[in-house]
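Engineer: The structure that follows is given in the form of structure tokens.
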Number of protein chains: 2
Amino acid sequence: MIPKRLDGNAVARAIKHELGRRLAALDRRPGLAVVLLKAGAASRKYAESKVKACREMGMDCTVHDFTDDLRPDVLHRRVRSLASDPGLHGLFVEHPLPADVDPIALYACIPAEKDVEGISYENLGRLLLGRPAMVASTAAACMAILDHYEVPIARRHAVVVGRSNIVGKPLWALLVARDATVTTCHSKTPDLAAETSRADILVVSVGHSRLIGREHVREGAIVVDVGINFEGGKMVGDVDFDAVHDRVSAITPVPGGVGPVTTAMLLSNLVETTTRQVALQRT
Amino acid sequence: MIPKRLDGNAVARAIKHELGRRLAALDRRPGLAVVLLKAGAASRKYAESKVKACREMGMDCTVHDFTDDLRPDVLHRRVRSLASDPGLHGLFVEHPLPADVDPIALYACIPAEKDVEGISYENLGRLLLGRPAMVASTAAACMAILDHYEVPIARRHAVVVGRSNIVGKPLWALLVARDATVTTCHSKTPDLAAETSRADILVVSVGHSRLIGREHVREGAIVVDVGINFEGGKMVGDVDFDAVHDRVSAITPVPGGVGPVTTAMLLSNLVETTTRQVALQRT
């Protein structure tokens, strides 16, 4: 029985419980580097929540504020230097990026084996070909929630709203690999409701508060709301929770839905990259 | 005005004309290696058509029959050895592969800079992130046909039937990058007609003769038929051409549709890898 409210905190706890067992078996303390490129309270808050989450699991997390100089040569040198530190097993760049930073050139400075966000060519290529890959934590979190609550995916119609490199694109690959029929929608989709209202599983990741209303969801749909927006200091998702709540069969709340699971998946990715680096050093 | 019959031979001629100009500017004779892993007349015929196409353009093409020993270590050594030949600028493995050959392990033996089929992790990752990439020739051919006939893609609903590594997956990325809303269908889609009949642009690549009938297409759709099947010696596509012909606004025939354009795109990819290798040698 799938509960109406898909509780991300419960999923995160289950993932962290499993992580604890993997960490105990690993004779290395994983270390994460979080890179800040955007000044402001929001980015810093996100980074600090990662520090806290890592500490709670007995992992290291350092925050590197590179906002003072975003010239490509300086930034890339700094990121490469971080990546070469053998005590760091994963590099995470806080999103969104400033407009004047080229994301792809930046990602190219992160080696695939420390790429905890699954953003390197190699990890994306592996994902597309269905091979073991590091997958962006937000996309992985959506799948983890569906799997935790045993939502059937095969033969279902999934609609993904958003085509970002760290959510919409990897999620398409993950859902198709699990035998869902998948529709990708985005800002250039002329009639969004016509598409989303056909979804058995609807995932929304656009960063537009309450974009999805009652007319966008079908009766009985499963809704995963990736959006994090602020309305007068209050955190809301991309889905108008109250408007759709009695129409859908299950939905992730914001806050307390995808967010905590994303953090848990990032930690999981970090344990995975650390495990692989330890194994490589032994061979 | 988009003609009813999307003539692949005309598109291929236009591509080859442009290629001739690029070849003239390139002081190197491109060389393609075609690897045969499956015995039989069909594979050999496809390989020979590539030899012919290359020769007509003043390029080299050699066929390497590795069917005698498909053990991974032998096969991978042979492919790596081919790839290291500086006179060869592209490697192409004829599909379909025998069931006992692991495609991904095989692809890993082809360096990204000679990957004319866009199957390496790097090229797939680049494609997903919207960077310049070698793209599988069949997927690229579908786009070339749409572009040649100036079929609008942005804001249209495209449905892709098939999720192969060399057609369905790259095509999803190409269409989404061009602002289409894209639905991916496959063998586990429960009601195929319900999805395909919503398509403004329908691309079918499953290898199942006449899978798509009249009930699968909407009035006025643009249909690209990638399928190559044989019925009693006659080549037919995945779409029942006669059944849908008067309902759609345009359709690629089989033969004479995607096939010749795929060959032209492979030649185009070869010129591209050659150009890059020449540039690299100069630096």
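Just so we're on the same page: first chain in the structure tokens is A, next is B, and so on; residues restart at 1 for each chain, and ligands are numbered from 1 in the order they show up.
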Residues of chain B within 9 Å of chain A, counting only C-alpha atoms - could you list those as a VMD selection string?
Structural biologist: chain B and resid 104 119 to 129 131 154 to 157 159 163 165 169 to 170 173 176 to 177 179 to 190
Engineer: Please provide as a VMD selection string all residues within 10 Å of A:Val93, with the sequence filter that same-chain residues fewer than 4 positions apart are discarded (counting only C-alpha atoms).
Structural biologist: chain A and resid 33 to 37 47 63 to 64 79 97 103 106 to 107 110 115 to 117
Engineer: Given the selection you just returned, output its residues as a file containing N, CA and C atoms, formatted as an mmCIF file, in the first residue's frame.
Structural biologist:
data_model
loop_
_atom_site.group_PDB
_atom_site.id
_atom_site.type_symbol
_atom_site.label_atom_id
_atom_site.label_comp_id
_atom_site.auth_asym_id
_atom_site.auth_seq_id
_atom_site.Cartn_x
_atom_site.Cartn_y
_atom_site.Cartn_z
ATOM 1 N N ALA A 33 34.213 17.521 -0.814
ATOM 2 C CA ALA A 33 34.476 18.951 -0.966
ATOM 3 C C ALA A 33 33.279 19.593 -1.646
ATOM 4 N N VAL A 34 32.726 20.614 -1.006
ATOM 5 C CA VAL A 34 31.622 21.357 -1.609
ATOM 6 C C VAL A 34 32.170 22.693 -2.099
ATOM 7 N N VAL A 35 31.972 22.971 -3.377
ATOM 8 C CA VAL A 35 32.490 24.197 -3.972
ATOM 9 C C VAL A 35 31.364 25.215 -4.113
ATOM 10 N N LEU A 36 31.593 26.389 -3.554
ATOM 11 C CA LEU A 36 30.621 27.488 -3.634
ATOM 12 C C LEU A 36 31.063 28.478 -4.704
ATOM 13 N N LEU A 37 30.173 28.752 -5.651
ATOM 14 C CA LEU A 37 30.508 29.707 -6.712
ATOM 15 C C LEU A 37 29.589 30.914 -6.685
ATOM 16 N N ALA A 47 25.181 24.334 1.466
ATOM 17 C CA ALA A 47 26.502 23.756 1.733
ATOM 18 C C ALA A 47 26.609 23.330 3.190
ATOM 19 N N VAL A 63 33.927 23.071 2.924
ATOM 20 C CA VAL A 63 33.306 24.000 1.982
ATOM 21 C C VAL A 63 34.375 24.930 1.428
ATOM 22 N N HIS A 64 34.405 25.081 0.125
ATOM 23 C CA HIS A 64 35.435 25.889 -0.527
ATOM 24 C C HIS A 64 34.762 27.037 -1.275
ATOM 25 N N VAL A 79 39.773 24.066 -8.772
ATOM 26 C CA VAL A 79 38.976 22.826 -8.716
ATOM 27 C C VAL A 79 39.874 21.617 -8.977
ATOM 28 N N LEU A 97 24.649 27.607 -10.740
ATOM 29 C CA LEU A 97 25.930 28.269 -11.002
ATOM 30 C C LEU A 97 25.691 29.719 -11.413
ATOM 31 N N PRO A 103 29.347 25.646 -17.234
ATOM 32 C CA PRO A 103 29.253 24.428 -16.414
ATOM 33 C C PRO A 103 30.089 23.274 -16.968
ATOM 34 N N LEU A 106 33.715 23.534 -16.392
ATOM 35 C CA LEU A 106 33.942 23.305 -14.968
ATOM 36 C C LEU A 106 33.903 21.815 -14.637
ATOM 37 N N TYR A 107 32.860 21.131 -15.119
ATOM 38 C CA TYR A 107 32.723 19.691 -14.839
ATOM 39 C C TYR A 107 33.935 18.918 -15.350
ATOM 40 N N ILE A 110 36.584 17.896 -12.994
ATOM 41 C CA ILE A 110 36.298 16.900 -11.945
ATOM 42 C C ILE A 110 36.474 15.506 -12.538
ATOM 43 N N ASP A 115 33.443 12.169 -9.183
ATOM 44 C CA ASP A 115 32.272 12.886 -9.682
ATOM 45 C C ASP A 115 31.008 12.398 -8.969
ATOM 46 N N VAL A 116 30.758 12.889 -7.748
ATOM 47 C CA VAL A 116 29.591 12.440 -6.971
ATOM 48 C C VAL A 116 28.279 12.988 -7.525
ATOM 49 N N GLU A 117 28.337 13.920 -8.467
ATOM 50 C CA GLU A 117 27.103 14.420 -9.067
ATOM 51 C C GLU A 117 26.788 13.787 -10.421
#
Engineer: Given the choices A:Ile15, A:Val244, A:Val223, A:Val278, which gets closest to A:Gly87 if the distance is worked out from only C-alpha atoms?
Structural biologist: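 Of A:Ile15, A:Val244, A:Val223, A:Val278, the one nearest A:Gly87, counting only C-alpha atoms, is A:Val278.
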Engineer: Mind the document's chain letters and residue numbers, and return as a ChimeraX atom specification the residues of stretch 72-166 of chain B that DSSP labels helix (DSSP H, G or I).
Structural biologist: /B:72-83,103-107,112-114,121-128,137-148
Engineer: Next, write the just-selected residues to a file, as a JSON list (two decimals), in the first residue's frame, keeping C-alpha atoms as the atom set.
Structural biologist:
[["chain", "number", "residue", "atom", "x", "y", "z"],
["B", 72, "PRO", "CA", 36.63, -11.15, -25.69],
["B", 73, "ASP", "CA", 40.40, -11.03, -25.23],
["B", 74, "VAL", "CA", 41.08, -11.83, -28.89],
["B", 75, "LEU", "CA", 38.36, -9.54, -30.21],
["B", 76, "HIS", "CA", 39.33, -6.61, -27.99],
["B", 77, "ARG", "CA", 43.02, -6.97, -28.89],
["B", 78, "ARG", "CA", 42.16, -6.97, -32.59],
["B", 79, "VAL", "CA", 39.92, -3.89, -32.30],
["B", 80, "ARG", "CA", 42.49, -1.99, -30.22],
["B", 81, "SER", "CA", 45.16, -2.84, -32.74],
["B", 82, "LEU", "CA", 42.98, -1.51, -35.57],
["B", 83, "ALA", "CA", 42.25, 1.65, -33.57],
["B", 103, "PRO", "CA", 28.70, -4.32, -26.79],
["B", 104, "ILE", "CA", 29.91, -1.99, -24.05],
["B", 105, "ALA", "CA", 33.19, -3.83, -23.47],
["B", 106, "LEU", "CA", 33.69, -3.77, -27.22],
["B", 107, "TYR", "CA", 32.93, -0.04, -27.55],
["B", 112, "ALA", "CA", 36.48, 8.63, -28.60],
["B", 113, "GLU", "CA", 38.42, 10.40, -31.38],
["B", 114, "LYS", "CA", 37.83, 7.47, -33.80],
["B", 121, "TYR", "CA", 31.02, 7.28, -23.04],
["B", 122, "GLU", "CA", 32.62, 10.60, -23.92],
["B", 123, "ASN", "CA", 30.56, 11.17, -27.05],
["B", 124, "LEU", "CA", 27.33, 10.12, -25.32],
["B", 125, "GLY", "CA", 28.11, 12.37, -22.36],
["B", 126, "ARG", "CA", 28.86, 15.27, -24.69],
["B", 127, "LEU", "CA", 25.61, 14.65, -26.55],
["B", 128, "LEU", "CA", 23.61, 14.63, -23.30],
["B", 137, "SER", "CA", 24.82, 8.02, -37.87],
["B", 138, "THR", "CA", 21.26, 6.67, -37.87],
["B", 139, "ALA", "CA", 20.07, 9.14, -35.22],
["B", 140, "ALA", "CA", 21.90, 11.95, -37.00],
["B", 141, "ALA", "CA", 20.29, 10.85, -40.28],
["B", 142, "CYS", "CA", 16.79, 11.23, -38.83],
["B", 143, "MET", "CA", 17.59, 14.80, -37.82],
["B", 144, "ALA", "CA", 19.22, 15.52, -41.19],
["B", 145, "ILE", "CA", 16.06, 14.44, -43.02],
["B", 146, "LEU", "CA", 13.83, 16.60, -40.81],
["B", 147, "ASP", "CA", 16.17, 19.55, -41.27],
["B", 148, "HIS", "CA", 16.60, 19.08, -45.01]]
Engineer: Please provide the set of residues having any atom within 6 Å of B:Val203, restricted to only C-alpha atoms, with same-chain residues fewer than 3 positions apart removed, written as a VMD selection string.
Structural biologist: chain B and resid 160 223 to 225
